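One structure is given below, encoded as C-alpha cells.
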Number of protein chains: 2
Amino acid sequence: MKNLLTIKRSLISVSDKSNITKLSRILVGKNIEIISTGNTYKILSKKSIEAKKIEKITNFKEILNGRVKTLHPSIFGGILADFNNEKHIKEINALKIQGIQLVIVNLYPFVETIKSTKSITKCIENIDIGGPSLIRAAAKNFASTCVVVDIKDYELIIDELNKYNGISLKLRKMLALKAFKKTMNYDLEIFKWFESNIVEKNEKDFFLFGNKINNLRYGENPHQSASIYSYNLSNNKSFYKQLNGKSLSFNNLNDIKATLSLLSEFNDPAAVIVKHAIPCGVAEGKNALFVWKKSLSADKLSAFGGVVAFNRTVDKNLAKELNKIFLEVVAAISFTSEALKILKEKPNLRVIEIKRLKDFKVKKPKTVVTMPDIFLVQESDMYSIKKKDLKVVSKIKPTKKQIEDLVFANKVVKHVRSNAIVIAKNKVTLGIGSGNTSRVDSVNFALLKANRSNEKGNTISLKGAVMASDAFFPFPDSILIASKSGVKSIIQPGGSIKDKTVIKEVDEKKLSMVFTNKRSFTH
Amino acid sequence: MKNLLTIKRSLISVSDKSNITKLSRILVGKNIEIISTGNTYKILSKKSIEAKKIEKITNFKEILNGRVKTLHPSIFGGILADFNNEKHIKEINALKIQGIQLVIVNLYPFVETIKSTKSITKCIENIDIGGPSLIRAAAKNFASTCVVVDIKDYELIIDELNKYNGISLKLRKMLALKAFKKTMNYDLEIFKWFESNIVEKNEKDFFLFGNKINNLRYGENPHQSASIYSYNLSNNKSFYKQLNGKSLSFNNLNDIKATLSLLSEFNDPAAVIVKHAIPCGVAEGKNALFVWKKSLSADKLSAFGGVVAFNRTVDKNLAKELNKIFLEVVAAISFTSEALKILKEKPNLRVIEIKRLKDFKVKKPKTVVTMPDIFLVQESDMYSIKKKDLKVVSKIKPTKKQIEDLVFANKVVKHVRSNAIVIAKNKVTLGIGSGNTSRVDSVNFALLKANRSNEKGNTISLKGAVMASDAFFPFPDSILIASKSGVKSIIQPGGSIKDKTVIKEVDEKKLSMVFTNKRSFTH
C-alpha cells in the first residue's frame with residue numbers, strides 16, 4: 001500500500017551540518033551505509049559515526065577545491081537507476097554500481113554569502129554545482145530514491161524508518177516536489193545576483209514567488225477563489241497579528257492595506273476609517289480617543305462596517321467607544337489588556353495588532369497589474385509631503401494653521417481613488433470625493449458630503465476649510481464651487497496649461513493656494 | 001580589453017538539433033574539437049562533421065537509457081577548471097583532463113512533453129539531469145567557459161569567433177545569465193507539473209515570471225518607475241497592436257484593461273468609454289457609430305481625454321466623429337484603412353487594434369495585491385450575467401425591454417468601483433455612481449449625473465430607467481430615492497437581512513426588481 005522504499009545506502013553531503021550527526025547515528029543504527037563528502041565525512045568521523053568517503057566509491061579524488069567531487073557515474077548511476085527496470089538493474093550490477101536510496105543534500109549557502117560579502121569570487125565559489133545535480137537526480141527518480149533538502153524533514157524520515165522500516169511513496173513524492181522548489185529558487189537567487197552584479201542589466205526581469213500561507217474563504221466576491229502568500233519561501237512572517245475575531249477576508253486585508261498605507265503617513269496620533277479600500281474619515285490630533293471621535297463624525301454613515309486603524313495604543317476608554325458601532329476590523333500598534341478585554345466582548349470583531357506600520361511607508365512592495373499576455377509592475381508611491389515642498393502660488397499666503405490642514409489633506413487625497421478631492425479642517429476630513437470620472441464632480445460630491453456632515457451636528461463648520469486635489473484642476477470651475485462653500489485654501493500639484501487662469505480665480509476669490517509639483521493618482 | 005576566451009574544445013549535447021550542423025561545421029573550420037553525446041554525435045557523423053564521442057573522454061558508456069552520460073569528472077573538470085588558477089591547471093593536467101571552453105546544451109523538451117502526453121513515465125524521463133548540470137557548471141565558470149543554451153545565440157558565437165577569434169567576457173557573462181534563467185525556469189516547470197500531477201497538492205504556491213518587454217516612461221505618477229512584462233519567457237506576444245500615436249503609458253494600459261474587461265461582456269455592437277479605470281459612458285446597440293454617440297452623450301464631461309473601445313470595426317464615418325473630441329486612446333477589433341487614415345491626422349492619438357478581446361472574458365489572469373511581507377492572489381471575476389440567472393422578487397415583473405436594460409446595467413456595474421450604482425435606459429448608461437463609501441451616496445450621485453446629462457439635451461429621459469447595484473441594498477432608502485427620479489426596475493444580488501423590507505418598498509413604489517445572487521465588488 002505505502003509502496004515502501006527500503007534504504008540500504010545514503011549519500012550525505014551537507015553545507016549546513018545541523019542535526020546531521022543525530023540523523024546519521026540513527027541511520028547507522030538501522031544498518032544503513034553512509035557515503036559522504038569532504039567536510040561532512042570529517043564531522044561524522046570525529047563523532048565516530050561509520051561512513052564511507054565518496055572517493056572510495058568514485059575512485060576519484062575531489063578536485064578544483066571541491067568544485068568536482070560527486071559528479072561521477074558511480075554516484076549518479078546509484079541515484080538514477082530505476083529499480084523497477086530490469087535493464088537498469090543489469091547495467092549497474094555489471095558496473096558494480098550500488099544503489100543509493102537516500103540522498104541528503106543541502107546546498108552551498110549562496111544567499112547567505114552574497115549578503116555577507118562583496119567578493120565576486122567568493123560568491124561565485126558558493127554557486128553549488130554538484131549539490132543541485134544530486135538533488136535533481138534523486139527527485140526525478142523518486143520511484144527508487146528519496147531526497148531530503150531541508151533539515152526540518154529529518155524527523156519525517158526518522159519517523160517513517162521507525163514506523164515502517166522504509167520510506168513511503170507519498171513522502172518521497174512530497175520531498176521530490178520540495179527538491180525542485182529548492183533548486184528552482186536557488187537558481188533564481190543566482191540569476192538575480194548575476195543580473196545585478198555580473199551583467200549589470202538595466203532591463204531586469206520580474207519574479208514574484210509566493211509561499212502559500214492559506215486559502216482565503218473567497219476573493220472580492222464569493223465566486224472568486226483567493227489565497228494569501230508569503231514572499232519568503234521559508235518564513236511566513238506577517239505585518240500583523242490577529243488578536244480576536246473571525247478570520248480576515250480578502251476584502252478585509254485589502255482594506256487593511258489601504259488603511260495602513262494612509263495611517264503610516266502620520267506622526268501625531270491619527271485614526272483612519274476605510275470602506276471599500278477608500279478612506280471615509282480621517283483625523284490627526286492630540287490622542288487616540290480624540291481622533292476616533294473626529295474621524296467618525298466626518299462620515300458616520302460610511303463608517304458603519306468599516307476598518308479603523310490607529311497609530312497609537314487603544315486603551316479602555318477608546319475600546320468602549322469603538323464597541324458602540326459596528327466595525328469589521330480594529331487595528332492598532334497595541335492594545336492595553338483592558339481594552340482588548342472590552343473588544344473581545346464582540347467575538348466576531350477582528351482585532352489586529354500592527355507590527356511594522358512603518359513598512360507601509362518605506363517598504364511598500366511594487367504593485368502588479370495583470371492582464372492577458374502581459375502585466376505591469378510599478379514602484380509604490382512612496383512620496384510623502386513635507387511643508388517645505390509647498391510652493392505658494394496665490395497672492396494670499398496660507399496661515400500656519402491652514403498649512404497644517406493642507407499637508408493633512410494632501411496626505412489623505414493621495415490614498416483616495418482618482419479623481420480625488422478632500423475637504424478638511426482642523427486635521428479632520430469633512431468630505432471626500434472619490435472615484436469620479438470628472439474632477440469637478442469630485443469637488444461637488446466632496447462638498448455635498450461635507451455640508452451634510454456639517455448639518456448633522458458635526459462641530460466643525462465648513463467655513464475656512466481647505467481642499468486637496470490629487471491632480472491639477474483643468475479649469476477654474478472647481479475653485480468657484482469650493483469658494484462658495486467656504487473653502488479658503490487649496491493644495492494641488494499644478495502643471496495644467498490652465499494654471500494661470502486657475503490662480504487668477506483663486507486670487508479673485510481671495511483664497512490661498514499651494515502647488516506640490518507631485519501628482520498622486522491612485523486607481 | 002575584451003578579455004577574450006580562446007575556444008579549443010566544445011561540448012555539444014542538444015535535444016533540439018536545429019542549426020547544429022551549420023554551427024558545428026564552422027567550429028570545426030576553426031580547428032575547434034567537438035565532443036558530443038549520443039544523438040548529437042550521430043547527426044554530426046552522418047554529415048561527416050568530425051566529432052568525438054563523449055565515451056572517448058569518460059571511458060564510460062552511456063547507461064540507464066541515457067540517464068547518465070555526461071556526469072563524469074573528466075567532463076566537469078574540463079568545464080569547471082578555472083584557467084586563471086594555477087592549482088586548478090595542475091590538477092587537471094595531472095589527471096589528463098582537457099579544458100572545455102564552449103558548452104552548447106539544450107535540454108530535454110520537458111514542457112513540450114507534458115503538453116503532448118499524459119504518460120507520467122514519459123514526462124519523468126524528460127526531466128533532464130545532465131543538461132542542467134552542464135549548463136550550470138559552464139555558467140558558474142564564465143571566466144573560463146562559454147555556455148550557449150539558446151539556438152538564437154549561435155549567431156552571436158559565430159560573429160565573435162569570426163571577428164575576434166575568441167569569445168568576449170561580456171558575451172560570456174550575458175550567456176551565463178541566460179543559462180541560470182533557463183535552468184530556473186526549467187525547474188519551475190517541473191515543479192508546477194509535480195504539484196499538479198505527482199503530489200496533487202491543493203495548497204499550490206504562486207509564481208509570476210515576467211520577461212521585461214520595456215520600461216514605461218513612469219507609473220501611475222511621474223515619480224514612480226514602471227515596466228511592462230510578458231508572462232512568457234520566450235515570446236513577447238500581446239493582446240494589442242498599436243497602429244498610431246504616442247507610446248502607451250501605465251495609466252493608458254490600466255485604462256485599456258478596464259475598458260476591454262467590460263467591452264468583452266457584450267455581443268452586440270458596444271462602445272465603452274473609461275476615465276481613471278472607471279466606465280463613464282457605455283452603450284450597446286445597432287452599430288458602432290450609434291453606440292459611440294450614445295456612450296458619449298452619457299457623460300460628455302468625463303469622456304474628455306478618455307479611452308474608448310469598440311467590439312466592431314471603426315469605419316470612416318465613426319473615425320470622423322471620434323476626431324471631434326480629445327481622446328487619449330481609441331481601441332477596436334479593427335479599423336478600415338480610411339478610418340485609420342483619418343485617425344492618423346492626430347499623430348498623438350493612440351490607436352489600438354485589439355487582437356483577442358475574448359481573452360478578457362475567459363482568460364483573465366489572476367490578480368495580485370501586494371503588501372509588506374505578504375500578498376493576495378485571486379481569480380478574476382469571470383462571471384457574466386445571463387437572462388436565465390435573474391430571479392424576479394417583486395410583485396411586478398420587469399418587461400422584456402427592462403430585462404435587456406437590467407442585464408446591460410448589471411454588466412456595467414460589475415466594472416465600476418464599489419460601491420457601484422448604474423442608472424441605464426435603452427442600453428445606454430445615464431449615470432454611474434462609483435467609488436463611494438456608502439451605497440446611498442452612490443445612488444444619489446448616479447442620479448445627479450443622470451439628471452444632469454438629461455438636462456443637457458440627452459435624448460434619453462430618465463423616466464423608465466433601470467438601476468443596477470454591485471451589492472445588496474442594506475436599507476430601503478436607495479429605492480425611494482431612485483423611484484422619485486423615475487427608475488422603474490432594479491437589479492441587485494440580494495442577500496441582505498433587510499431584503500424583505502427592500503422588496504416591500506419596491507412593491508409599494510410599483511417598481512420591479514430582480515436578484516442575481518452574484519455580488520460583483522470591484523476595488
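By convention here, the chains of the C-alpha cells are called A, B, ... in the order presented, each chain's residues are numbered starting at 1, and ligands are numbered starting at 1 in the order presented.
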Q: Would you kindly report the residues of chain B within 6 Å of chain A, using only C-alpha atoms, as a ChimeraX atom specification?
A: /B:64,71-73,88,129,133,137,180,184,187-188,191,205-212,219,224-231,238,275,302,364,367,370,372-379,434-435,437-438
Store the residues of this selection in a file with C-alpha atoms, as a CSV table (one decimal), in the first residue's frame.
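Generated output (again.csv):
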chain,number,residue,atom,x,y,z
B,64,LEU,CA,20.3,3.8,-17.9
B,71,LEU,CA,28.0,13.3,-15.3
B,72,HIS,CA,31.7,12.5,-15.1
B,73,PRO,CA,34.7,14.3,-13.6
B,88,HIS,CA,43.3,24.0,-11.0
B,129,ILE,CA,19.6,15.8,-15.2
B,133,SER,CA,24.4,20.3,-14.6
B,137,ALA,CA,28.8,24.4,-14.4
B,180,PHE,CA,20.6,30.4,-15.0
B,184,MET,CA,15.5,28.2,-13.1
B,187,ASP,CA,12.8,23.6,-12.7
B,188,LEU,CA,9.8,25.8,-12.2
B,191,PHE,CA,7.8,21.9,-10.0
B,205,ASP,CA,2.5,28.1,-4.4
B,206,PHE,CA,2.3,31.1,-6.7
B,207,PHE,CA,4.9,32.1,-9.2
B,208,LEU,CA,4.8,35.1,-11.5
B,209,PHE,CA,7.6,35.3,-14.0
B,210,GLY,CA,8.0,38.4,-16.1
B,211,ASN,CA,10.1,38.9,-19.1
B,212,LYS,CA,10.6,42.6,-19.4
B,219,GLY,CA,3.9,54.6,-13.4
B,224,GLN,CA,7.0,56.0,-9.8
B,225,SER,CA,9.0,53.8,-12.1
B,226,ALA,CA,7.2,51.1,-14.0
B,227,SER,CA,7.7,48.4,-16.6
B,228,ILE,CA,5.7,46.1,-18.8
B,229,TYR,CA,6.4,42.4,-18.8
B,230,SER,CA,5.4,39.3,-20.8
B,231,TYR,CA,4.4,36.1,-18.9
B,238,SER,CA,0.5,40.9,-26.6
B,275,LYS,CA,-11.6,57.5,-17.3
B,302,SER,CA,-16.0,62.8,-18.3
B,364,LYS,CA,-8.3,36.9,-17.5
B,367,THR,CA,-5.0,39.5,-9.8
B,370,THR,CA,1.0,43.2,-2.7
B,372,PRO,CA,4.6,44.3,3.1
B,373,ASP,CA,5.5,40.6,3.9
B,374,ILE,CA,2.5,39.1,2.2
B,375,PHE,CA,0.4,39.3,-0.9
B,376,LEU,CA,-3.0,38.2,-2.1
B,377,VAL,CA,-3.9,36.4,-5.3
B,378,GLN,CA,-7.4,35.9,-6.5
B,379,GLU,CA,-9.1,34.6,-9.6
B,434,SER,CA,-18.5,55.0,-8.4
B,435,GLY,CA,-16.1,54.6,-5.5
B,437,THR,CA,-18.1,54.7,0.7
B,438,SER,CA,-21.8,54.4,1.2
Q) Skipping near chain neighbours, those fewer than 2 positions away, what residues fall within 8 Å of range 504-512 of chain B using only C-alpha atoms, listed as a PyMOL selection string? A) chain B and resi 392-398+476+479-480+483+487-490+500-502+514
Create the file for the chosen residues now, containing N, CA and C atoms and written as a CSV table (one decimal), in the first residue's frame.
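File written: selection08.csv
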chain,number,residue,atom,x,y,z
B,392,VAL,N,-37.0,37.1,-10.3
B,392,VAL,CA,-37.9,38.3,-10.0
B,392,VAL,C,-38.4,38.1,-8.6
B,393,VAL,N,-38.2,39.2,-7.8
B,393,VAL,CA,-38.6,39.1,-6.4
B,393,VAL,C,-39.7,40.1,-6.1
B,394,SER,N,-40.1,40.9,-7.1
B,394,SER,CA,-41.1,41.9,-6.8
B,394,SER,C,-42.5,41.4,-7.4
B,395,LYS,N,-43.6,42.1,-7.0
B,395,LYS,CA,-44.9,41.7,-7.5
B,395,LYS,C,-45.0,42.0,-9.0
B,396,ILE,N,-44.5,43.1,-9.4
B,396,ILE,CA,-44.5,43.5,-10.8
B,396,ILE,C,-43.3,42.8,-11.5
B,397,LYS,N,-43.5,42.3,-12.7
B,397,LYS,CA,-42.4,41.6,-13.4
B,397,LYS,C,-41.8,42.7,-14.3
B,398,PRO,N,-40.5,42.7,-14.5
B,398,PRO,CA,-39.9,43.6,-15.5
B,398,PRO,C,-40.4,43.3,-16.9
B,476,PRO,N,-33.9,50.4,2.7
B,476,PRO,CA,-34.7,50.7,1.5
B,476,PRO,C,-34.6,52.2,1.0
B,479,ILE,N,-34.0,52.8,-2.7
B,479,ILE,CA,-35.2,52.5,-3.6
B,479,ILE,C,-36.1,53.7,-3.7
B,480,LEU,N,-36.3,54.4,-2.6
B,480,LEU,CA,-37.2,55.5,-2.5
B,480,LEU,C,-36.6,56.6,-3.4
B,483,SER,N,-36.8,55.7,-7.1
B,483,SER,CA,-38.1,55.8,-7.6
B,483,SER,C,-38.6,57.2,-7.9
B,487,VAL,N,-36.8,55.9,-11.9
B,487,VAL,CA,-36.3,54.5,-12.1
B,487,VAL,C,-37.5,53.5,-11.9
B,488,LYS,N,-37.6,52.5,-12.8
B,488,LYS,CA,-38.7,51.6,-12.8
B,488,LYS,C,-38.4,50.2,-12.5
B,489,SER,N,-37.1,49.8,-12.6
B,489,SER,CA,-36.7,48.4,-12.4
B,489,SER,C,-35.3,48.4,-11.8
B,490,ILE,N,-35.1,47.4,-11.0
B,490,ILE,CA,-33.8,47.3,-10.2
B,490,ILE,C,-33.2,45.9,-10.3
B,500,LYS,N,-36.4,41.7,2.8
B,500,LYS,CA,-37.8,41.8,2.8
B,500,LYS,C,-38.3,43.3,2.8
B,501,THR,N,-37.7,44.1,3.6
B,501,THR,CA,-38.1,45.5,3.7
B,501,THR,C,-37.8,46.2,2.4
B,502,VAL,N,-36.7,45.8,1.8
B,502,VAL,CA,-36.4,46.5,0.5
B,502,VAL,C,-37.4,46.0,-0.6
B,514,VAL,N,-35.1,42.4,-9.7
B,514,VAL,CA,-34.6,41.0,-9.8
B,514,VAL,C,-33.4,40.9,-9.0
(Q) Using only C-alpha atoms, can you tell me which of B:Val412, B:Val291, B:Ile79, B:Val329 comes closest to Ser247 in chain B? (A)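 Distance minimum relative to Ser247 in chain B lands on B:Val329.
Going from CA of Ile35 in chain B to CA of Lys52 in chain B covers 4.6 Å.
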Q: Mind the document's chain letters and residue numbers, and return as a ChimeraX atom specification the residues of range 208-447 of chain B that DSSP labels strand (DSSP E).
A: /B:208-215,226-230,240-244,270-275,278-284,306-314,327-335,350-354,367-370,374-378,391-392,421-425,428-433
Grab the residues selected above and save them as a compact mmCIF listing (two decimals), in the first residue's frame with C-alpha atoms.
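The resulting file, part.txt, is reproduced below:
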# COMPACT_ATOMS: atom_id res chain seq x y z
CA LEU B 208 4.77 35.11 -11.50
CA PHE B 209 7.61 35.28 -14.01
CA GLY B 210 8.00 38.35 -16.10
CA ASN B 211 10.13 38.86 -19.13
CA LYS B 212 10.65 42.58 -19.43
CA ILE B 213 9.26 43.97 -22.68
CA ASN B 214 10.21 47.55 -21.90
CA ASN B 215 10.28 50.26 -19.30
CA ALA B 226 7.17 51.12 -14.04
CA SER B 227 7.70 48.42 -16.64
CA ILE B 228 5.74 46.09 -18.83
CA TYR B 229 6.38 42.35 -18.83
CA SER B 230 5.39 39.29 -20.78
CA TYR B 240 -2.96 44.50 -28.79
CA LYS B 241 -1.14 46.12 -31.64
CA GLN B 242 -0.55 49.86 -31.64
CA LEU B 243 -1.31 51.46 -35.01
CA ASN B 244 -0.75 55.13 -34.24
CA ALA B 270 -20.87 48.24 -28.00
CA ALA B 271 -18.77 51.21 -27.00
CA VAL B 272 -17.10 51.68 -23.62
CA ILE B 273 -15.57 54.98 -22.53
CA VAL B 274 -13.31 54.87 -19.48
CA LYS B 275 -11.64 57.53 -17.35
CA ILE B 278 -13.87 53.62 -14.39
CA PRO B 279 -16.52 53.47 -17.13
CA CYS B 280 -18.11 56.87 -17.72
CA GLY B 281 -20.22 56.09 -20.79
CA VAL B 282 -21.32 52.72 -22.14
CA ALA B 283 -23.78 51.81 -24.87
CA GLU B 284 -24.85 48.67 -26.70
CA GLY B 306 -10.81 59.21 -22.12
CA VAL B 307 -10.14 55.76 -23.53
CA VAL B 308 -12.81 54.36 -25.86
CA ALA B 309 -13.08 50.83 -27.22
CA PHE B 310 -15.36 49.12 -29.74
CA ASN B 311 -16.08 45.44 -30.32
CA ARG B 312 -16.65 46.21 -34.01
CA THR B 313 -14.74 47.78 -36.88
CA VAL B 314 -14.21 51.53 -36.83
CA LEU B 327 -9.36 61.19 -26.62
CA GLU B 328 -6.25 59.50 -25.25
CA VAL B 329 -6.86 56.08 -26.80
CA VAL B 330 -9.18 54.60 -29.43
CA ALA B 331 -9.25 50.80 -29.44
CA ALA B 332 -11.21 48.48 -31.70
CA ILE B 333 -11.05 44.98 -33.09
CA SER B 334 -10.28 46.54 -36.48
CA PHE B 335 -10.15 49.78 -38.45
CA ARG B 350 -3.09 56.21 -29.60
CA VAL B 351 -4.90 53.80 -31.92
CA ILE B 352 -5.00 50.23 -30.70
CA GLU B 353 -6.06 47.10 -32.57
CA ILE B 354 -7.44 44.58 -30.08
CA THR B 367 -4.98 39.48 -9.82
CA VAL B 368 -2.26 40.25 -7.29
CA VAL B 369 -2.45 42.60 -4.30
CA THR B 370 0.95 43.23 -2.74
CA ILE B 374 2.51 39.10 2.19
CA PHE B 375 0.45 39.29 -0.95
CA LEU B 376 -3.00 38.18 -2.06
CA VAL B 377 -3.88 36.43 -5.29
CA GLN B 378 -7.39 35.88 -6.53
CA LYS B 391 -34.88 35.92 -10.16
CA VAL B 392 -37.87 38.28 -10.04
CA ILE B 421 -24.56 52.08 -8.96
CA VAL B 422 -25.51 52.29 -12.63
CA ILE B 423 -28.61 54.03 -13.99
CA ALA B 424 -29.35 52.97 -17.57
CA LYS B 425 -32.04 53.01 -20.24
CA VAL B 428 -27.12 53.32 -22.53
CA THR B 429 -25.69 54.40 -19.18
CA LEU B 430 -27.25 57.61 -17.88
CA GLY B 431 -25.48 57.97 -14.55
CA ILE B 432 -22.70 55.98 -12.89
CA GLY B 433 -22.02 56.22 -9.16
Q | Point-to-point distance from CA of Ser15 in chain B to CA of Val148 in chain B, Å rounded to tenths | A | 13.1 Å
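Rounded to one decimal, CA of Tyr41 in chain B and CA of Asn106 in chain B lie 14.5 Å from each other.
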Q.
Please list as a list in words every residue within 9 Å of Lys53 in chain A, counting only C-alpha atoms and excluding residues in the same chain fewer than 3 positions away.
A. Ile34, Ile35, Ser36, Thr37, Gly38, Tyr41, Lys56 and Ile57 of chain A
Q: Excluding range 24-27 of chain B and any residue of its chain fewer than 5 positions from it, enumerate the residues within 12 Å of it, using only C-alpha atoms, and give them as a VMD selection string.
A: chain B and resid 7 to 14 17 to 19 32 to 36 40 to 41 43 to 45 47 to 51 102 104 154 to 155 157 to 162 165 to 166
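Considering only C-alpha atoms, the residue among A:Lys346, A:Lys324, A:Arg452, A:Lys122 positioned nearest to Lys246 in chain A is A:Lys346.
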(Q) At a cut-off of 7 Å, using only C-alpha atoms, what residues contact Ser496 in chain B? Leave out same-chain residues fewer than 4 positions from it and give the result as a count of residues only. (A) 3
